[in-house]
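S.K.: Below is upload_26.txt; it holds compact mmCIF, C-alpha atoms.
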```
# COMPACT_ATOMS: atom_id res chain seq x y z
CA MET A 20 111.50 53.79 92.02
CA GLY A 21 110.71 55.80 88.93
CA LYS A 22 107.15 56.06 87.61
CA ILE A 23 106.26 56.30 83.93
CA VAL A 24 104.22 59.45 83.42
CA ALA A 25 103.96 59.57 79.63
CA VAL A 26 105.24 57.87 76.49
CA VAL A 27 106.17 59.51 73.19
CA THR A 28 106.74 57.19 70.27
CA VAL A 29 107.00 56.87 66.51
CA GLY A 30 106.23 53.15 66.75
CA ARG A 31 102.68 53.28 68.09
CA GLU A 32 102.18 49.57 67.38
CA GLU A 33 105.00 48.61 69.77
CA VAL A 34 103.43 50.35 72.74
CA ALA A 35 100.46 48.75 74.43
CA GLY A 36 98.78 48.72 77.79
CA GLY A 37 97.84 51.51 80.07
CA GLY A 38 98.56 53.74 82.94
CA ALA A 39 100.36 56.46 81.06
CA PRO A 40 99.16 58.48 78.07
CA VAL A 41 100.89 57.68 74.78
CA PHE A 42 101.73 60.49 72.34
CA ALA A 43 102.18 59.31 68.76
CA ALA A 44 104.67 61.26 66.65
CA GLU A 45 105.01 61.20 62.89
CA ASN A 46 108.79 61.12 62.73
CA PRO A 47 111.79 60.92 65.10
CA ALA A 48 112.39 64.67 65.03
CA ALA A 49 108.79 65.37 66.06
CA ALA A 50 109.06 62.71 68.78
CA GLU A 51 112.22 64.29 70.23
CA ARG A 52 110.59 67.72 70.22
CA MET A 53 107.49 66.44 71.98
CA ALA A 54 109.61 64.60 74.53
CA GLN A 55 111.58 67.77 75.21
CA GLU A 56 108.44 69.84 75.71
CA LEU A 57 106.96 67.21 78.00
CA GLU A 58 110.20 66.95 79.98
CA LYS A 59 110.08 70.65 80.81
CA ALA A 60 106.34 70.68 81.45
CA LEU A 61 106.25 67.62 83.70
CA ASP A 62 109.67 67.91 85.38
CA CYS A 63 110.20 64.28 84.41
CA ALA A 64 113.31 62.83 82.80
CA ALA A 65 112.94 61.74 79.17
CA CYS A 66 114.63 58.38 78.65
CA LEU A 67 115.13 56.82 75.25
CA ILE A 68 114.10 53.16 75.17
CA GLY A 69 114.87 50.92 72.23
CA GLY A 70 116.06 53.85 70.17
CA ARG A 71 112.59 55.14 69.30
CA HIS A 72 110.35 55.35 72.38
CA TYR A 73 110.70 58.27 74.77
CA VAL A 74 109.51 57.41 78.26
CA LEU A 75 108.99 60.29 80.69
CA ILE A 76 109.90 59.10 84.16
CA ASP A 77 109.23 60.81 87.47
CA LEU A 78 112.50 60.09 89.26
CA ASN A 79 111.07 61.32 92.54
CA PRO A 80 114.16 62.23 94.56
CA ALA A 81 113.93 60.63 98.00
CA SER A 82 113.70 63.84 99.99
CA ARG A 83 110.77 65.36 98.11
CA MET B 27 143.25 101.14 154.51
CA SER B 28 144.74 102.82 151.48
CA GLY B 29 145.45 102.20 147.81
CA TRP B 30 143.53 100.01 145.42
CA GLU B 31 142.75 97.30 148.02
CA HIS B 32 139.98 99.61 149.06
CA PHE B 33 138.13 98.92 145.80
CA TRP B 34 139.48 95.55 144.89
CA ARG B 35 139.02 92.34 146.78
CA ALA B 36 140.65 89.20 145.40
CA PRO B 37 137.75 87.18 143.98
CA ASP B 38 136.83 83.82 145.36
CA PRO B 39 138.79 80.96 143.71
CA ASP B 40 135.51 79.24 142.89
CA VAL B 41 134.33 82.29 140.98
CA ILE B 42 137.58 82.36 139.04
CA ALA B 43 137.16 78.69 138.18
CA VAL B 44 133.60 79.20 136.95
CA VAL B 45 134.49 82.25 134.88
CA LEU B 46 137.52 80.53 133.38
CA GLY B 47 135.61 77.35 132.60
CA THR B 48 132.71 79.22 131.03
CA ALA B 49 135.06 81.36 128.94
CA VAL B 50 136.96 78.35 127.64
CA GLY B 51 133.65 76.61 126.89
CA LEU B 52 132.39 79.57 124.92
CA ILE B 53 135.65 79.92 122.99
CA THR B 54 135.53 76.20 122.18
CA ARG B 55 132.03 76.63 120.77
CA ILE B 56 133.10 79.63 118.70
CA LEU B 57 136.00 77.66 117.27
CA LEU B 58 133.80 74.70 116.46
CA LEU B 59 131.12 76.88 114.90
CA ARG B 60 132.81 77.54 111.63
CA SER B 61 130.61 78.87 108.88
CA ASP B 62 132.13 77.03 105.99
CA TYR B 63 131.15 76.18 102.43
CA ARG B 64 128.04 74.41 103.66
CA GLN B 65 126.81 77.84 104.68
CA TYR B 66 125.22 76.65 107.82
CA PRO B 67 124.67 78.22 110.25
CA ALA B 68 125.65 81.37 108.40
CA TYR B 69 122.58 83.27 109.47
CA PRO B 70 123.05 85.64 112.43
CA HIS B 71 120.21 84.03 114.31
CA GLY B 72 121.47 80.49 113.81
CA ARG B 73 124.81 81.60 115.17
CA LEU B 74 123.27 83.38 118.12
CA ILE B 75 121.32 80.27 119.09
CA HIS B 76 124.39 78.07 119.08
CA LEU B 77 126.63 80.57 120.86
CA SER B 78 124.02 81.02 123.59
CA LEU B 79 123.68 77.29 124.03
CA GLY B 80 127.47 77.01 124.08
CA LEU B 81 127.60 79.61 126.84
CA ILE B 82 125.00 77.72 128.85
CA ALA B 83 126.82 74.42 128.31
CA GLY B 84 130.11 75.97 129.40
CA ALA B 85 128.57 77.56 132.48
CA LEU B 86 126.94 74.27 133.51
CA GLY B 87 130.17 72.33 133.10
CA ALA B 88 132.17 74.93 135.00
CA LEU B 89 129.64 75.33 137.79
CA ALA B 90 129.49 71.61 138.47
CA VAL B 91 132.98 71.51 139.97
CA PRO B 92 132.62 74.06 142.81
CA ALA B 93 129.15 72.66 143.50
CA LEU B 94 130.50 69.15 143.90
CA MET B 95 133.39 70.44 146.02
CA ALA B 96 130.83 72.00 148.34
CA GLU B 97 129.11 68.59 148.51
CA GLN B 98 126.12 69.84 146.58
CA TYR B 99 125.59 66.55 144.78
CA THR B 100 122.27 67.61 143.30
CA ALA B 101 124.36 69.66 140.86
CA ILE B 102 124.63 66.47 138.80
CA THR B 103 120.91 66.67 138.01
CA PHE B 104 121.57 69.98 136.28
CA LEU B 105 123.91 68.21 133.90
CA SER B 106 121.18 65.75 132.95
CA LEU B 107 118.89 68.70 132.39
CA ALA B 108 121.50 70.10 130.03
CA ALA B 109 121.67 66.78 128.17
CA GLN B 110 117.93 67.03 127.63
CA GLN B 111 118.37 70.52 126.18
CA PHE B 112 121.09 69.42 123.81
CA ARG B 113 118.97 66.58 122.51
CA GLU B 114 116.43 69.26 121.73
CA VAL B 115 119.14 71.02 119.71
CA ARG B 116 119.54 67.93 117.61
CA ASN B 117 115.80 67.85 116.91
CA MET B 118 115.80 71.52 116.02
CA GLU B 119 118.67 71.11 113.56
CA ARG B 120 117.11 68.05 112.01
CA ASN B 121 113.75 69.74 111.50
CA THR B 122 115.26 72.92 110.08
CA LEU B 123 117.54 71.14 107.64
CA ARG B 124 114.84 68.76 106.52
CA ALA B 125 112.47 71.65 105.90
CA ILE B 126 115.11 73.41 103.77
CA ASP B 127 116.17 70.25 101.96
CA GLY B 128 112.96 70.05 99.94
CA GLN B 129 113.88 73.26 98.16
CA GLU B 130 117.52 72.46 97.44
CA LEU B 131 118.34 71.84 93.79
CA VAL B 132 120.62 69.05 94.99
CA PRO B 133 119.31 67.80 98.34
CA ARG B 134 121.54 66.84 101.27
CA GLY B 135 119.64 63.64 101.94
CA ASP B 136 118.48 62.37 105.32
CA SER B 137 121.76 60.65 106.26
CA TYR B 138 123.74 63.86 105.89
CA ILE B 139 121.13 65.79 107.87
CA GLU B 140 121.27 63.24 110.69
CA GLY B 141 125.04 63.52 110.67
CA ILE B 142 124.95 67.31 110.95
CA ALA B 143 122.31 67.19 113.71
CA VAL B 144 124.37 64.72 115.74
CA VAL B 145 127.44 66.93 115.39
CA PHE B 146 125.52 69.94 116.68
CA GLU B 147 124.45 67.98 119.75
CA GLY B 148 127.88 66.44 120.29
CA ARG B 149 129.69 69.77 120.20
CA ASN B 150 127.71 71.00 123.18
CA TYR B 151 128.95 68.05 125.23
CA VAL B 152 132.48 68.82 124.15
CA VAL B 153 131.99 72.37 125.38
CA MET B 154 130.64 71.12 128.69
CA LEU B 155 133.52 68.69 129.20
CA ALA B 156 136.12 71.31 128.31
CA ALA B 157 134.60 73.75 130.81
CA PHE B 158 134.42 71.03 133.48
CA PHE B 159 138.07 70.11 132.97
CA VAL B 160 139.30 73.69 133.11
CA SER B 161 137.20 74.46 136.17
CA LEU B 162 138.42 71.31 137.94
CA LEU B 163 142.10 72.12 137.47
CA SER B 164 141.49 75.72 138.43
CA VAL B 165 139.86 74.72 141.74
CA TRP B 166 142.38 71.98 142.54
CA ILE B 167 145.65 73.63 141.61
CA GLY B 168 145.10 77.28 140.87
CA TRP B 169 143.83 79.68 138.26
CA TRP B 170 147.03 79.42 136.25
CA ALA B 171 146.50 75.66 135.86
CA GLY B 172 143.01 76.42 134.55
CA VAL B 173 144.42 78.83 131.98
CA ALA B 174 147.04 76.25 130.92
CA ALA B 175 144.35 73.56 130.62
CA GLY B 176 142.24 75.90 128.52
CA ALA B 177 145.15 76.52 126.17
CA ALA B 178 145.65 72.77 125.80
CA VAL B 179 141.97 71.93 125.42
CA LEU B 180 141.19 74.37 122.60
CA PRO B 181 143.38 72.83 119.88
CA ALA B 182 142.60 69.33 121.16
CA THR B 183 138.83 69.73 120.66
CA ARG B 184 139.31 70.91 117.09
CA LEU B 185 141.51 67.93 116.37
CA LEU B 186 139.17 65.44 117.99
CA MET B 187 136.03 66.74 116.31
CA ARG B 188 137.47 66.91 112.80
CA GLY B 189 136.31 63.49 111.66
CA ARG B 190 137.39 61.53 108.64
CA ARG B 191 136.98 62.48 105.02
CA VAL B 192 136.43 60.76 101.70
CA ALA B 193 140.11 61.18 100.81
CA ASP B 194 140.95 58.86 103.73
CA ILE B 195 139.09 55.91 102.25
CA ALA B 196 139.17 56.39 98.48
CA ASP B 197 141.54 57.23 95.65
CA ILE B 198 139.97 59.91 93.49
CA SER B 199 140.69 60.44 89.82
CA PHE B 200 139.10 62.23 86.88
CA ALA B 201 137.35 60.27 84.16
CA PRO B 202 135.90 61.42 80.84
CA VAL B 203 132.16 61.93 80.50
CA ARG B 204 130.88 60.27 77.33
CA THR B 205 127.56 59.28 75.81
CA ASP B 206 126.66 56.16 73.90
CA ASP B 207 123.22 56.55 72.32
CA ALA B 208 121.02 57.45 75.29
CA GLY B 209 123.46 56.11 77.90
CA VAL B 210 125.74 58.48 79.79
CA TYR B 211 129.00 57.06 81.15
CA VAL B 212 131.77 58.29 83.44
CA GLY B 213 134.81 56.32 82.36
CA ASP B 214 133.28 52.87 81.96
CA ILE B 215 130.62 53.26 84.67
CA TYR B 216 127.05 53.59 83.41
CA MET B 217 125.32 56.60 84.97
CA MET B 218 121.86 57.10 83.47
CA ASN B 219 119.66 57.19 80.43
CA VAL B 220 119.26 60.66 78.91
CA GLY B 221 116.80 60.62 76.05
CA LEU B 222 117.21 64.10 74.58
CA GLU B 223 120.22 65.05 72.48
CA ALA B 224 120.09 68.62 73.82
CA ASP B 225 120.51 67.33 77.39
CA ARG B 226 123.32 64.98 76.37
CA GLU B 227 125.14 67.86 74.69
CA LEU B 228 124.84 69.90 77.89
CA ILE B 229 126.15 67.00 79.97
CA ARG B 230 129.12 66.53 77.63
CA GLN B 231 129.94 70.24 77.93
CA ALA B 232 129.36 70.97 81.62
CA GLY B 233 129.79 67.49 83.08
CA VAL B 234 132.67 66.70 85.40
CA GLY B 235 133.37 63.00 85.79
CA LEU B 236 135.16 61.44 88.74
CA VAL B 237 135.86 57.88 89.76
CA LEU B 238 136.30 56.99 93.43
CA VAL B 239 138.19 53.77 94.05
CA PRO B 240 137.77 52.39 97.59
CA LYS B 241 141.05 51.68 99.37
CA ASN B 242 139.80 48.56 101.18
CA ASP B 243 136.73 46.42 101.77
CA ASP B 244 135.42 48.61 104.59
CA ALA B 245 135.71 51.65 102.36
CA ARG B 246 133.77 49.80 99.70
CA VAL B 247 130.77 49.40 102.00
CA THR B 248 130.95 53.03 103.07
CA LEU B 249 131.06 54.33 99.52
CA ALA B 250 128.17 52.08 98.53
CA HIS B 251 125.93 53.79 101.11
CA ALA B 252 123.40 55.88 99.20
CA GLY B 253 123.44 58.60 101.88
CA GLN B 254 127.22 58.95 101.63
CA ARG B 255 126.99 59.30 97.86
CA GLN B 256 124.26 61.91 98.19
CA ALA B 257 126.49 63.80 100.64
CA ILE B 258 129.27 63.79 98.04
CA LEU B 259 126.89 65.18 95.43
CA TYR B 260 125.60 67.85 97.80
CA ASP B 261 129.06 69.03 98.82
CA LEU B 262 130.23 69.08 95.21
CA SER B 263 127.21 71.13 94.21
CA ALA B 264 127.61 73.48 97.16
CA ARG B 265 131.27 74.16 96.44
CA LEU B 266 131.31 74.10 92.65
CA GLY B 267 127.85 75.45 91.86
CA VAL B 268 125.07 73.62 90.03
CA TYR B 269 124.09 73.67 86.38
CA ARG B 270 120.49 72.95 87.04
CA ASP B 271 116.98 74.27 87.61
CA GLU B 272 113.55 72.94 88.41
CA GLY B 273 112.13 71.23 85.33
CA GLU B 274 115.54 69.88 84.29
CA PRO B 275 115.47 66.36 85.70
CA ALA B 276 118.10 65.12 83.26
CA LEU B 277 120.72 67.43 84.75
CA LEU B 278 120.60 65.94 88.24
CA PRO B 279 124.11 65.03 89.42
CA GLN B 280 124.56 61.31 89.91
CA ALA B 281 126.83 58.95 91.84
CA LYS B 282 126.57 55.38 90.64
CA LEU B 283 128.18 52.22 91.86
CA ASP B 284 130.10 49.81 89.67
CA LEU B 285 128.81 46.63 91.27
CA ALA B 286 131.66 44.40 90.17
CA THR B 287 134.49 46.50 91.58
CA GLY B 288 132.86 48.77 94.17
CA ARG B 289 134.09 51.89 92.39
CA VAL B 290 131.81 54.92 92.40
CA GLY B 291 131.34 57.09 89.35
CA VAL B 292 130.37 60.68 90.06
CA LEU B 293 128.83 62.94 87.45
CA ALA B 294 128.43 66.57 88.47
CA LEU B 295 127.36 69.50 86.35
CA ALA B 296 129.51 72.21 87.82
CA ARG B 297 130.00 75.91 87.26
CA GLU B 298 133.53 75.83 88.63
CA ARG B 299 135.56 73.29 86.67
CA ASP B 300 139.09 73.96 87.92
CA ARG B 301 140.53 70.47 88.46
CA ASP B 302 142.24 71.28 91.75
CA LYS B 303 139.09 72.80 93.19
CA VAL B 304 136.96 69.87 92.07
CA LEU B 305 139.41 67.41 93.58
CA ALA B 306 139.59 69.35 96.84
CA ALA B 307 135.78 69.43 97.03
CA VAL B 308 135.48 65.65 96.77
CA ARG B 309 138.42 64.90 99.03
CA ASN B 310 136.97 67.00 101.85
CA VAL B 311 133.49 65.50 101.92
CA PRO B 312 132.99 64.26 105.49
CA LEU B 313 132.34 60.57 106.07
CA LEU B 314 128.89 60.13 107.55
CA GLU B 315 128.60 58.30 110.83
CA ALA B 316 125.67 56.40 109.39
CA ALA B 317 127.71 55.13 106.44
CA VAL B 318 130.94 54.04 108.14
CA ARG B 319 131.04 50.32 108.74
CA HIS B 320 133.77 47.80 109.43
CA PRO B 321 132.61 44.45 108.12
CA ALA B 322 136.18 43.36 107.39
CA ARG B 323 137.05 43.69 111.06
CA ALA B 324 133.97 41.73 112.15
CA ASN B 325 134.57 38.97 109.61
CA ARG B 326 138.25 38.49 110.29
CA LYS B 327 139.16 34.96 109.35
CA ARG B 328 141.51 34.29 112.27
CA LYS B 329 138.75 34.90 114.82
CA GLU B 330 136.45 32.61 112.92
CA GLN B 331 139.04 29.87 112.94
CA GLY B 332 139.79 30.40 116.62
CA ARG B 333 136.14 30.00 117.52
CA TRP B 334 135.83 26.95 115.35
CA GLU B 335 138.87 25.36 116.95
CA LYS B 336 137.57 26.08 120.42
CA SER B 337 134.16 24.56 119.81
CA SER B 338 135.40 21.53 117.92
CA PRO B 339 136.33 18.51 120.05
CA SER B 340 139.99 17.57 119.98
```
Any chance you could give the structure as structure tokens?

M.R.:
Amino acid sequence: MGKIVAVVTVGREEVAGGGAPVFAAENPAAAERMAQELEKALDCAACLIGGRHYVLIDLNPASR
Amino acid sequence: MSGWEHFWRAPDPDVIAVVLGTAVGLITRILLLRSDYRQYPAYPHGRLIHLSLGLIAGALGALAVPALMAEQYTAITFLSLAAQQFREVRNMERNTLRAIDGQELVPRGDSYIEGIAVVFEGRNYVVMLAAFFVSLLSVWIGWWAGVAAGAAVLPATRLLMRGRRVADIADISFAPVRTDDAGVYVGDIYMMNVGLEADRELIRQAGVGLVLVPKNDDARVTLAHAGQRQAILYDLSARLGVYRDEGEPALLPQAKLDLATGRVGVLALARERDRDKVLAAVRNVPLLEAAVRHPARANRKRKEQGRWEKSSPS
């Protein structure tokens, strides 16, 4: 099962609750850039949820 | 006494049988030890280990016959000792492959590793049986019968140990790779969510999409096995190259099931994109022993009815 490691969003008000740090971006372009940088840094897949929230998920392949 | 008889004494028939049996055993092991696209065991030391064990297996199988003929029945215990050794081979292979698997860009998966380990153990028994058979005929009939048996056994072992392949259970066709917002599809099968446009562009460019349609209900269960699908991805990556590195989780090849129909969509990011080569790579993926099941045979309706009729009072 994947684990949410971080969230990047332009709609800060739609994201609540804890566990993972939330990065607020000013516009979609900035959000995509942040998600890309986080994807490379964390080795976690950036998934786009609801068209405006990037969720960085640790897919954790079974053999690792 | 004159001539060459002075130096040469005809060897004992038992010795001939043992030498013949051992030789055939070793040749069998060499034939079965192909270093193919899986590149294992391609290392000189890996090969040496397996050839040595093959030699030992052949010698044990061949020696058993003259020993039994001489009523040395304890020779059987040596065979059980050999079985113990070969089980050790399976452990060794499993541990090695599992240790390597962590560093593979596309891992083999535990099911594939188990399959390979079992094959390595099984081949030693094949060697032993081949040597036993050749030695037996050589002692019973004559050395020429042993040679003939060896010639017959060698192609037979290759045929018997070949195993089935994905092409036997599934029809394979190409399907376009497309993206719809963040979703990536192969044909109409949903593969994964890729959030970044840059990654989606890469997948559209380098992605190779395939759809595997199971030929029957048994095949459907086999293809649904996650280990079998991982084996397909590993073989594809090994033969076609991978477009991937650490820190690129979005570029992991995927094999997803279409639940309604049992079809499997395969998305690989390959270096080699020649259609014939891609097709050949998928067709030749071995079926894993762990994944092959025959539920259709077990659930056959006629049997069910027969049992019902028997148990119902009439």

S.K.: Using only C-alpha atoms, which protein or nucleic acid residues come within 7 Å of Val24 in chain A? Drop anything in the same chain fewer than 3 positions from it, and give the result as an NGL selection string.

M.R.: :A and (39 or 75-77)

S.K.: Would you mind exporting C-alpha atoms of the selected residues as a PDB file, keeping the file's coordinate frame?

M.R.:
```
ATOM      1  CA  ALA A  39     100.360  56.460  81.060  1.00  0.00           C
ATOM      2  CA  LEU A  75     108.990  60.290  80.690  1.00  0.00           C
ATOM      3  CA  ILE A  76     109.900  59.100  84.160  1.00  0.00           C
ATOM      4  CA  ASP A  77     109.230  60.810  87.470  1.00  0.00           C
TER       5      ASP A  77
END
```

S.K.: Hey, which of B:Gly273, B:Pro240, B:Gly233, B:Gly221 ends up closest to Ala54 in chain A? Count only C-alpha atoms.

M.R.: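 Counting only C-alpha atoms, the residue closest to Ala54 in chain A is B:Gly221.
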
S.K.: For chain B against chain A, with a cut-off of 12 Å and counting all atoms listed in the file, what is the closest atom pair and its distance in Å to one decimal for every residue that makes the cut, ordered by chain and number, as a tab-separated table?

M.R.:
```
residue	atom	partner	partner_atom	distance
B:Leu123	CA	A:Ser82	CA	11.2
B:Arg124	CA	A:Ser82	CA	8.3
B:Ala125	CA	A:Ser82	CA	9.9
B:Ile126	CA	A:Ser82	CA	10.4
B:Asp127	CA	A:Ser82	CA	7.1
B:Gly128	CA	A:Arg83	CA	5.5
B:Gln129	CA	A:Arg83	CA	8.5
B:Glu130	CA	A:Ser82	CA	9.8
B:Leu131	CA	A:Pro80	CA	10.5
B:Val132	CA	A:Pro80	CA	9.4
B:Pro133	CA	A:Ser82	CA	7.1
B:Arg134	CA	A:Ser82	CA	8.5
B:Gly135	CA	A:Ser82	CA	6.3
B:Asp136	CA	A:Ser82	CA	7.3
B:Ser137	CA	A:Ser82	CA	10.7
B:Tyr138	CA	A:Ser82	CA	11.6
B:Ile139	CA	A:Ser82	CA	11.0
B:Asp206	CA	A:Gly70	CA	11.5
B:Asp207	CA	A:Gly70	CA	7.9
B:Ala208	CA	A:Leu67	CA	5.9
B:Gly209	CA	A:Leu67	CA	8.8
B:Val210	CA	A:Cys66	CA	11.2
B:Met218	CA	A:Cys66	CA	8.8
B:Asn219	CA	A:Cys66	CA	5.5
B:Val220	CA	A:Cys66	CA	5.2
B:Gly221	CA	A:Cys66	CA	4.1
B:Leu222	CA	A:Glu51	CA	6.6
B:Glu223	CA	A:Glu51	CA	8.3
B:Ala224	CA	A:Gln55	CA	8.7
B:Asp225	CA	A:Gln55	CA	9.2
B:Arg226	CA	A:Cys66	CA	11.1
B:Ala252	CA	A:Ala81	CA	10.7
B:Gly253	CA	A:Ala81	CA	10.5
B:Gln256	CA	A:Ala81	CA	10.4
B:Asp271	CA	A:Asp62	CA	9.9
B:Glu272	CA	A:Asp62	CA	7.0
B:Gly273	CA	A:Asp62	CA	4.1
B:Glu274	CA	A:Asp62	CA	6.3
B:Pro275	CA	A:Ala64	CA	5.1
B:Ala276	CA	A:Ala64	CA	5.3
B:Leu277	CA	A:Ala64	CA	8.9
B:Leu278	CA	A:Ala64	CA	9.6
B:Pro279	CA	A:Pro80	CA	11.5
B:Gln280	CA	A:Pro80	CA	11.4
```

S.K.: Could you check the closest approach to Asn121 in chain B for each of B:Ala93, B:Ala143, B:Ala109, B:Leu155 and tell me which residue wins, using all atoms listed in the file?

M.R.: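 So, comparing all the options, the nearest one is B:Ala143.
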
S.K.: What does the distance between CA of Phe112 in chain B and CA of Gly84 in chain B come to in Å, to one decimal place?

M.R.: 12.5 Å

S.K.: Assuming 8 Å of padding per side, give the centre and edge lengths of the axis-aligned box around every listed atom of range 119-137 of chain B, in Å to one decimal and as AutoDock Vina command-line options.

M.R.:
```
--center_x 117.1 --center_y 67.0 --center_z 103.7 --size_x 25.3 --size_y 28.8 --size_z 35.8
```

S.K.: Which one is closest to Val44 in chain B: B:Pro202, B:Gly291, B:Gly148, B:Gly172? Count all atoms listed in the file.

M.R.: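 Between B:Pro202, B:Gly291, B:Gly148, B:Gly172, the residue approaching Val44 in chain B most closely is B:Gly172.
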
S.K.: One decimal, in Å: what's the spacing between CA of Arg60 in chain B and CA of Arg116 in chain B?

M.R.: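 Separating CA of Arg60 in chain B from CA of Arg116 in chain B is a distance of 17.4 Å.
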
S.K.: Name the closest residue to Met217 in chain B among the candidates B:Val290, B:Val115, B:Val144, B:Leu266; distances are taken between atoms, counting only C-alpha atoms.

M.R.: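 Smallest distance to Met217 in chain B is found for B:Val290.
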
S.K.: Quick one: everything within 10 Å of Arg190 in chain B, counting all atoms listed in the file, minus sequence neighbours fewer than 5 positions away in the same chain. Send it as an mmCIF file with C-alpha atoms, in the frame of the given file.

M.R.:
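What ended up in selection.cif:
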```
data_model
loop_
_atom_site.group_PDB
_atom_site.id
_atom_site.type_symbol
_atom_site.label_atom_id
_atom_site.label_comp_id
_atom_site.auth_asym_id
_atom_site.auth_seq_id
_atom_site.Cartn_x
_atom_site.Cartn_y
_atom_site.Cartn_z
ATOM 1 C CA ILE B 195 139.090 55.910 102.250
ATOM 2 C CA ASN B 310 136.970 67.000 101.850
ATOM 3 C CA VAL B 311 133.490 65.500 101.920
ATOM 4 C CA PRO B 312 132.990 64.260 105.490
ATOM 5 C CA LEU B 313 132.340 60.570 106.070
ATOM 6 C CA LEU B 314 128.890 60.130 107.550
ATOM 7 C CA GLU B 315 128.600 58.300 110.830
ATOM 8 C CA VAL B 318 130.940 54.040 108.140
#
```

S.K.: Rebuild N, CA and C atoms on range 167-180 of chain B, as an mmCIF file, in the coordinates of the input?

M.R.:
```cif
data_model
loop_
_atom_site.group_PDB
_atom_site.id
_atom_site.type_symbol
_atom_site.label_atom_id
_atom_site.label_comp_id
_atom_site.auth_asym_id
_atom_site.auth_seq_id
_atom_site.Cartn_x
_atom_site.Cartn_y
_atom_site.Cartn_z
ATOM 1 N N ILE B 167 144.257 73.171 141.599
ATOM 2 C CA ILE B 167 145.650 73.630 141.610
ATOM 3 C C ILE B 167 145.744 75.143 141.712
ATOM 4 N N GLY B 168 145.038 75.826 140.841
ATOM 5 C CA GLY B 168 145.100 77.280 140.870
ATOM 6 C C GLY B 168 144.658 77.835 139.532
ATOM 7 N N TRP B 169 144.386 79.110 139.484
ATOM 8 C CA TRP B 169 143.830 79.680 138.260
ATOM 9 C C TRP B 169 144.761 79.513 137.074
ATOM 10 N N TRP B 170 146.073 79.538 137.354
ATOM 11 C CA TRP B 170 147.030 79.420 136.250
ATOM 12 C C TRP B 170 146.962 78.033 135.605
ATOM 13 N N ALA B 171 146.661 77.010 136.419
ATOM 14 C CA ALA B 171 146.500 75.660 135.860
ATOM 15 C C ALA B 171 145.270 75.611 134.958
ATOM 16 N N GLY B 172 144.224 76.348 135.372
ATOM 17 C CA GLY B 172 143.010 76.420 134.550
ATOM 18 C C GLY B 172 143.299 77.061 133.205
ATOM 19 N N VAL B 173 144.075 78.138 133.236
ATOM 20 C CA VAL B 173 144.420 78.830 131.980
ATOM 21 C C VAL B 173 145.231 77.892 131.085
ATOM 22 N N ALA B 174 146.199 77.173 131.689
ATOM 23 C CA ALA B 174 147.040 76.250 130.920
ATOM 24 C C ALA B 174 146.175 75.140 130.313
ATOM 25 N N ALA B 175 145.235 74.621 131.116
ATOM 26 C CA ALA B 175 144.350 73.560 130.620
ATOM 27 C C ALA B 175 143.514 74.070 129.461
ATOM 28 N N GLY B 176 143.029 75.305 129.601
ATOM 29 C CA GLY B 176 142.240 75.900 128.520
ATOM 30 C C GLY B 176 143.041 75.976 127.232
ATOM 31 N N ALA B 177 144.302 76.396 127.352
ATOM 32 C CA ALA B 177 145.150 76.520 126.170
ATOM 33 C C ALA B 177 145.395 75.163 125.524
ATOM 34 N N ALA B 178 145.424 74.112 126.350
ATOM 35 C CA ALA B 178 145.650 72.770 125.800
ATOM 36 C C ALA B 178 144.377 72.201 125.195
ATOM 37 N N VAL B 179 143.247 72.532 125.830
ATOM 38 C CA VAL B 179 141.970 71.930 125.420
ATOM 39 C C VAL B 179 141.508 72.469 124.061
ATOM 40 N N LEU B 180 141.739 73.765 123.807
ATOM 41 C CA LEU B 180 141.190 74.370 122.600
ATOM 42 C C LEU B 180 141.651 73.688 121.319
#
```
